[in-house]
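Shown here: work_16.cif, mmCIF, C-alpha atoms, pLDDT in the B column; chains and numbers go by the auth columns.
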```
data_entry
#
loop_
_atom_site.group_PDB
_atom_site.id
_atom_site.type_symbol
_atom_site.label_atom_id
_atom_site.label_comp_id
_atom_site.label_asym_id
_atom_site.label_seq_id
_atom_site.Cartn_x
_atom_site.Cartn_y
_atom_site.Cartn_z
_atom_site.B_iso_or_equiv
_atom_site.auth_seq_id
_atom_site.auth_asym_id
ATOM 1 C CA MET A 1 -127.793 2.871 -49.053 43.00 3 A
ATOM 2 C CA ILE A 2 -127.286 0.823 -45.879 47.00 4 A
ATOM 3 C CA MET A 3 -125.109 -2.057 -44.759 48.00 5 A
ATOM 4 C CA THR A 4 -127.178 -5.216 -44.444 49.00 6 A
ATOM 5 C CA THR A 5 -126.800 -8.017 -41.940 52.00 7 A
ATOM 6 C CA LYS A 6 -125.187 -10.069 -44.723 52.00 8 A
ATOM 7 C CA GLY A 7 -122.393 -7.524 -45.195 52.00 9 A
ATOM 8 C CA ARG A 8 -123.715 -6.158 -48.473 54.00 10 A
ATOM 9 C CA PHE A 9 -125.089 -2.783 -49.396 53.00 11 A
ATOM 10 C CA ASP A 10 -128.752 -2.855 -50.275 52.00 12 A
ATOM 11 C CA MET A 11 -131.315 -0.098 -50.657 54.00 13 A
ATOM 12 C CA SER A 12 -134.296 -2.361 -49.906 58.00 14 A
ATOM 13 C CA GLU A 13 -133.035 -3.874 -46.629 59.00 15 A
ATOM 14 C CA GLU A 14 -134.622 -2.304 -43.548 66.00 16 A
ATOM 15 C CA LYS A 15 -132.195 -3.515 -40.848 74.00 17 A
ATOM 16 C CA VAL A 16 -129.668 -0.799 -40.074 77.00 18 A
ATOM 17 C CA LEU A 17 -126.580 -1.896 -38.184 71.00 19 A
ATOM 18 C CA THR A 18 -125.134 0.295 -35.488 79.00 20 A
ATOM 19 C CA GLU A 19 -121.401 0.966 -35.344 76.00 21 A
ATOM 20 C CA ARG A 20 -121.129 -1.437 -32.410 78.00 22 A
ATOM 21 C CA GLU A 21 -122.999 -4.230 -34.252 74.00 23 A
ATOM 22 C CA LEU A 22 -120.840 -3.759 -37.329 69.00 24 A
ATOM 23 C CA HIS A 23 -117.627 -4.209 -35.346 73.00 25 A
ATOM 24 C CA THR A 24 -118.780 -6.979 -33.008 81.00 26 A
ATOM 25 C CA ASN A 25 -117.088 -10.320 -33.516 82.00 27 A
ATOM 26 C CA GLU A 26 -119.190 -13.048 -31.898 86.00 28 A
ATOM 27 C CA THR A 27 -116.302 -15.521 -32.107 86.00 29 A
ATOM 28 C CA LEU A 28 -114.305 -13.475 -29.596 87.00 30 A
ATOM 29 C CA ALA A 29 -117.098 -13.752 -27.028 88.00 31 A
ATOM 30 C CA MET A 30 -117.271 -17.552 -27.260 91.00 32 A
ATOM 31 C CA PRO A 31 -116.093 -19.474 -24.219 93.00 33 A
ATOM 32 C CA VAL A 32 -113.142 -21.758 -24.869 93.00 34 A
ATOM 33 C CA HIS A 33 -113.819 -25.444 -24.264 92.00 35 A
ATOM 34 C CA PRO A 34 -110.530 -27.191 -23.524 92.00 36 A
ATOM 35 C CA ASP A 35 -110.642 -30.223 -25.812 94.00 37 A
ATOM 36 C CA SER A 36 -106.890 -30.505 -26.380 96.00 38 A
ATOM 37 C CA ASP A 37 -103.758 -30.222 -24.259 97.00 39 A
ATOM 38 C CA LEU A 38 -102.907 -26.791 -25.659 96.00 40 A
ATOM 39 C CA LYS A 39 -106.410 -25.417 -25.070 95.00 41 A
ATOM 40 C CA THR A 40 -106.395 -26.820 -21.546 96.00 42 A
ATOM 41 C CA TYR A 41 -103.085 -25.122 -20.829 97.00 43 A
ATOM 42 C CA LEU A 42 -104.235 -21.804 -22.338 96.00 44 A
ATOM 43 C CA VAL A 43 -107.569 -21.825 -20.503 96.00 45 A
ATOM 44 C CA GLU A 44 -105.883 -22.595 -17.185 97.00 46 A
ATOM 45 C CA TYR A 45 -103.153 -19.989 -17.757 97.00 47 A
ATOM 46 C CA VAL A 46 -105.526 -17.245 -18.905 97.00 48 A
ATOM 47 C CA GLY A 47 -108.079 -18.092 -16.221 96.00 49 A
ATOM 48 C CA SER A 48 -105.493 -17.843 -13.451 97.00 50 A
ATOM 49 C CA ARG A 49 -103.887 -14.712 -14.936 96.00 51 A
ATOM 50 C CA LEU A 50 -107.227 -12.905 -15.207 95.00 52 A
ATOM 51 C CA GLU A 51 -108.732 -14.599 -12.159 95.00 53 A
ATOM 52 C CA ASN A 52 -111.730 -15.771 -14.132 93.00 54 A
ATOM 53 C CA GLU A 53 -113.172 -19.271 -14.471 91.00 55 A
ATOM 54 C CA GLU A 54 -114.983 -18.683 -17.781 94.00 56 A
ATOM 55 C CA VAL A 55 -112.322 -17.933 -20.411 95.00 57 A
ATOM 56 C CA THR A 56 -113.325 -16.502 -23.797 94.00 58 A
ATOM 57 C CA VAL A 57 -111.424 -16.384 -27.064 93.00 59 A
ATOM 58 C CA ASN A 58 -110.979 -12.630 -26.585 92.00 60 A
ATOM 59 C CA MET A 59 -109.393 -13.182 -23.174 94.00 61 A
ATOM 60 C CA VAL A 60 -106.890 -15.627 -24.681 95.00 62 A
ATOM 61 C CA ALA A 61 -106.073 -13.118 -27.437 93.00 63 A
ATOM 62 C CA GLU A 62 -105.578 -10.309 -24.907 94.00 64 A
ATOM 63 C CA VAL A 63 -103.265 -12.381 -22.719 96.00 65 A
ATOM 64 C CA LEU A 64 -101.287 -13.586 -25.745 94.00 66 A
ATOM 65 C CA ALA A 65 -100.918 -9.978 -26.884 94.00 67 A
ATOM 66 C CA ALA A 66 -99.623 -8.969 -23.451 95.00 68 A
ATOM 67 C CA ASP A 67 -97.414 -11.990 -22.727 96.00 69 A
ATOM 68 C CA PHE A 68 -96.295 -12.999 -26.228 95.00 70 A
ATOM 69 C CA PRO A 69 -96.468 -9.860 -28.399 94.00 71 A
ATOM 70 C CA GLU A 70 -94.033 -11.259 -30.991 96.00 72 A
ATOM 71 C CA PHE A 71 -96.459 -14.044 -31.847 92.00 73 A
ATOM 72 C CA THR A 72 -99.491 -11.782 -31.844 91.00 74 A
ATOM 73 C CA TYR A 73 -97.743 -9.194 -34.015 92.00 75 A
ATOM 74 C CA ALA A 74 -96.581 -11.797 -36.556 92.00 76 A
ATOM 75 C CA PHE A 75 -100.054 -13.339 -36.685 89.00 77 A
ATOM 76 C CA ALA A 76 -101.755 -9.943 -37.112 90.00 78 A
ATOM 77 C CA GLU A 77 -99.261 -8.820 -39.739 93.00 79 A
ATOM 78 C CA GLU A 78 -99.788 -11.958 -41.812 89.00 80 A
ATOM 79 C CA ASN A 79 -103.557 -11.574 -41.537 86.00 81 A
ATOM 80 C CA PHE A 80 -103.347 -7.901 -42.580 89.00 82 A
ATOM 81 C CA LEU A 81 -101.120 -8.654 -45.573 90.00 83 A
ATOM 82 C CA ARG A 82 -103.397 -11.445 -46.796 87.00 84 A
ATOM 83 C CA GLY A 83 -106.432 -9.175 -46.473 87.00 85 A
ATOM 84 C CA TYR A 84 -104.646 -6.328 -48.256 87.00 86 A
ATOM 85 C CA LYS A 85 -103.628 -8.645 -51.116 90.00 87 A
ATOM 86 C CA LEU A 86 -107.179 -9.955 -51.389 89.00 88 A
ATOM 87 C CA GLY A 87 -108.470 -6.378 -51.617 89.00 89 A
ATOM 88 C CA LEU A 88 -105.960 -5.545 -54.353 89.00 90 A
ATOM 89 C CA ASP A 89 -106.883 -8.705 -56.266 89.00 91 A
ATOM 90 C CA ASP A 90 -110.582 -7.796 -56.006 88.00 92 A
ATOM 91 C CA ALA A 91 -109.903 -4.262 -57.248 88.00 93 A
ATOM 92 C CA GLU A 92 -107.862 -5.557 -60.179 90.00 94 A
ATOM 93 C CA ARG A 93 -110.574 -8.060 -61.079 89.00 95 A
ATOM 94 C CA LEU A 94 -113.191 -5.306 -60.924 88.00 96 A
ATOM 95 C CA LEU A 95 -111.163 -3.046 -63.211 86.00 97 A
ATOM 96 C CA THR A 96 -110.610 -5.893 -65.677 85.00 98 A
ATOM 97 C CA THR A 97 -114.331 -6.744 -65.673 83.00 99 A
ATOM 98 C CA GLN A 98 -115.295 -3.100 -66.178 78.00 100 A
ATOM 99 C CA ALA A 99 -112.791 -2.735 -69.033 76.00 101 A
ATOM 100 C CA GLU A 100 -114.160 -5.863 -70.742 76.00 102 A
ATOM 101 C CA THR A 101 -117.736 -4.637 -70.326 77.00 103 A
ATOM 102 C CA THR A 102 -116.842 -1.215 -71.742 75.00 104 A
ATOM 103 C CA THR A 103 -115.038 -2.816 -74.692 73.00 105 A
ATOM 104 C CA ARG A 104 -118.022 -5.072 -75.490 71.00 106 A
ATOM 105 C CA THR A 105 -120.576 -2.274 -75.314 70.00 107 A
ATOM 106 C CA SER A 106 -118.510 0.057 -77.508 66.00 108 A
ATOM 107 C CA ASP A 107 -118.087 -2.583 -80.260 61.00 109 A
#
```
Conversion result in structure tokens:
Amino acid sequence: MIMTTKGRFDMSEEKVLTERELHTNETLAMPVHPDSDLKTYLVEYVGSRLENEEVTVNMVAEVLAADFPEFTYAFAEENFLRGYKLGLDDAERLLTTQAETTTRTSD
């Protein structure tokens, strides 16, 4: 069984993802295009702090984590809790579905 490029497990899929490919987030590598006042400020601040003209989303996240850890922590915590709740909801739904299927087949 292998992880497919669509994030599902499939025995027939031939593409095997490496550990690096599995954990690569293309959004973080995207350059930020300042199309609002806040983005302009962030790009200028991050660019001058890191001495880099081309600022990526990952660079903004790294600077926010270093300079404003309270915000980054709160944002990450909320994201983690929502993901954890979603996982619990999925597990509960799976158990309910399996119980219903077992009940139907035993009747």
How far is it from atom CA of His25 of chain A to atom CA of Glu53 of chain A, in Å with one decimal?
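That distance, rounded to one decimal, is 26.9 Å.
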Decode the PyMOL selection byres ((chain A and resi 65) around 10) for the given file into explicit residues and return them as an MDAnalysis selection string.
-> chainID A and resid 44 47:49 51:52 60:64 66:71 74
- Message: Considering all atoms listed in the file, can you say which of A:Glu23, A:Asp39, A:Glu28, A:Glu79 comes closest to Val59 of chain A?
- Response: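 For Val59 of chain A, the nearest of the given residues is A:Glu28.
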From atom CA of Glu80 of chain A to atom CA of Thr99 of chain A the spacing works out at 28.4 Å
Q) Quick one, how far is atom CA of Glu21 of chain A from atom CA of Leu83 of chain A? A)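 According to the coordinates, atom CA of Glu21 of chain A and atom CA of Leu83 of chain A are separated by 24.7 Å.
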Quiz item: If you count all atoms listed in the file, which residues fall within 7 Å of segment 31-36 of chain A, apart from same-chain ones fewer than 2 positions away, as an NGL selection string?
Solution: :A and (28-29 or 38 or 41-42 or 45 or 56-60)
As a compact mmCIF listing (two decimals), in the coordinates of the input, please: segment 66-95 of chain A completed to N, CA and C atoms.
```
# COMPACT_ATOMS: atom_id res chain seq x y z
N LEU A 66 -102.37 -13.32 -24.79
CA LEU A 66 -101.29 -13.59 -25.74
C LEU A 66 -100.64 -12.29 -26.20
N ALA A 67 -101.46 -11.27 -26.45
CA ALA A 67 -100.92 -9.98 -26.88
C ALA A 67 -100.03 -9.37 -25.81
N ALA A 68 -100.41 -9.54 -24.55
CA ALA A 68 -99.62 -8.97 -23.45
C ALA A 68 -98.37 -9.79 -23.15
N ASP A 69 -98.51 -11.13 -23.15
CA ASP A 69 -97.41 -11.99 -22.73
C ASP A 69 -96.54 -12.50 -23.86
N PHE A 70 -97.04 -12.47 -25.09
CA PHE A 70 -96.30 -13.00 -26.23
C PHE A 70 -96.55 -12.09 -27.44
N PRO A 71 -96.16 -10.82 -27.33
CA PRO A 71 -96.47 -9.86 -28.40
C PRO A 71 -95.82 -10.21 -29.74
N GLU A 72 -94.68 -10.89 -29.73
CA GLU A 72 -94.03 -11.26 -30.99
C GLU A 72 -94.93 -12.17 -31.81
N PHE A 73 -95.55 -13.13 -31.15
CA PHE A 73 -96.46 -14.04 -31.85
C PHE A 73 -97.69 -13.30 -32.36
N THR A 74 -98.27 -12.50 -31.48
CA THR A 74 -99.49 -11.78 -31.84
C THR A 74 -99.22 -10.82 -33.00
N TYR A 75 -98.09 -10.13 -32.95
CA TYR A 75 -97.74 -9.19 -34.02
C TYR A 75 -97.56 -9.93 -35.34
N ALA A 76 -96.81 -11.04 -35.32
CA ALA A 76 -96.58 -11.80 -36.56
C ALA A 76 -97.89 -12.33 -37.13
N PHE A 77 -98.76 -12.81 -36.26
CA PHE A 77 -100.05 -13.34 -36.68
C PHE A 77 -100.92 -12.23 -37.29
N ALA A 78 -100.96 -11.07 -36.62
CA ALA A 78 -101.76 -9.94 -37.11
C ALA A 78 -101.19 -9.40 -38.42
N GLU A 79 -99.89 -9.33 -38.52
CA GLU A 79 -99.26 -8.82 -39.74
C GLU A 79 -99.59 -9.72 -40.93
N GLU A 80 -99.48 -11.01 -40.74
CA GLU A 80 -99.79 -11.96 -41.81
C GLU A 80 -101.25 -11.83 -42.23
N ASN A 81 -102.14 -11.72 -41.26
CA ASN A 81 -103.56 -11.57 -41.54
C ASN A 81 -103.82 -10.28 -42.32
N PHE A 82 -103.18 -9.18 -41.90
CA PHE A 82 -103.35 -7.90 -42.58
C PHE A 82 -102.86 -7.99 -44.02
N LEU A 83 -101.68 -8.57 -44.22
CA LEU A 83 -101.12 -8.65 -45.57
C LEU A 83 -101.98 -9.51 -46.49
N ARG A 84 -102.51 -10.61 -45.98
CA ARG A 84 -103.40 -11.44 -46.80
C ARG A 84 -104.67 -10.70 -47.17
N GLY A 85 -105.24 -9.96 -46.20
CA GLY A 85 -106.43 -9.18 -46.47
C GLY A 85 -106.17 -8.06 -47.47
N TYR A 86 -105.02 -7.41 -47.34
CA TYR A 86 -104.65 -6.33 -48.26
C TYR A 86 -104.49 -6.88 -49.67
N LYS A 87 -103.81 -8.03 -49.80
CA LYS A 87 -103.63 -8.64 -51.12
C LYS A 87 -104.97 -9.03 -51.72
N LEU A 88 -105.85 -9.58 -50.91
CA LEU A 88 -107.18 -9.96 -51.39
C LEU A 88 -107.93 -8.73 -51.90
N GLY A 89 -107.83 -7.61 -51.18
CA GLY A 89 -108.47 -6.38 -51.62
C GLY A 89 -107.90 -5.88 -52.93
N LEU A 90 -106.58 -5.95 -53.09
CA LEU A 90 -105.96 -5.54 -54.35
C LEU A 90 -106.38 -6.45 -55.50
N ASP A 91 -106.43 -7.76 -55.24
CA ASP A 91 -106.88 -8.70 -56.27
C ASP A 91 -108.32 -8.42 -56.68
N ASP A 92 -109.19 -8.12 -55.70
CA ASP A 92 -110.58 -7.80 -56.01
C ASP A 92 -110.67 -6.53 -56.85
N ALA A 93 -109.89 -5.52 -56.50
CA ALA A 93 -109.90 -4.26 -57.25
C ALA A 93 -109.42 -4.48 -58.68
N GLU A 94 -108.37 -5.27 -58.84
CA GLU A 94 -107.86 -5.56 -60.18
C GLU A 94 -108.89 -6.32 -61.00
N ARG A 95 -109.55 -7.30 -60.39
CA ARG A 95 -110.57 -8.06 -61.08
C ARG A 95 -111.74 -7.16 -61.48
```
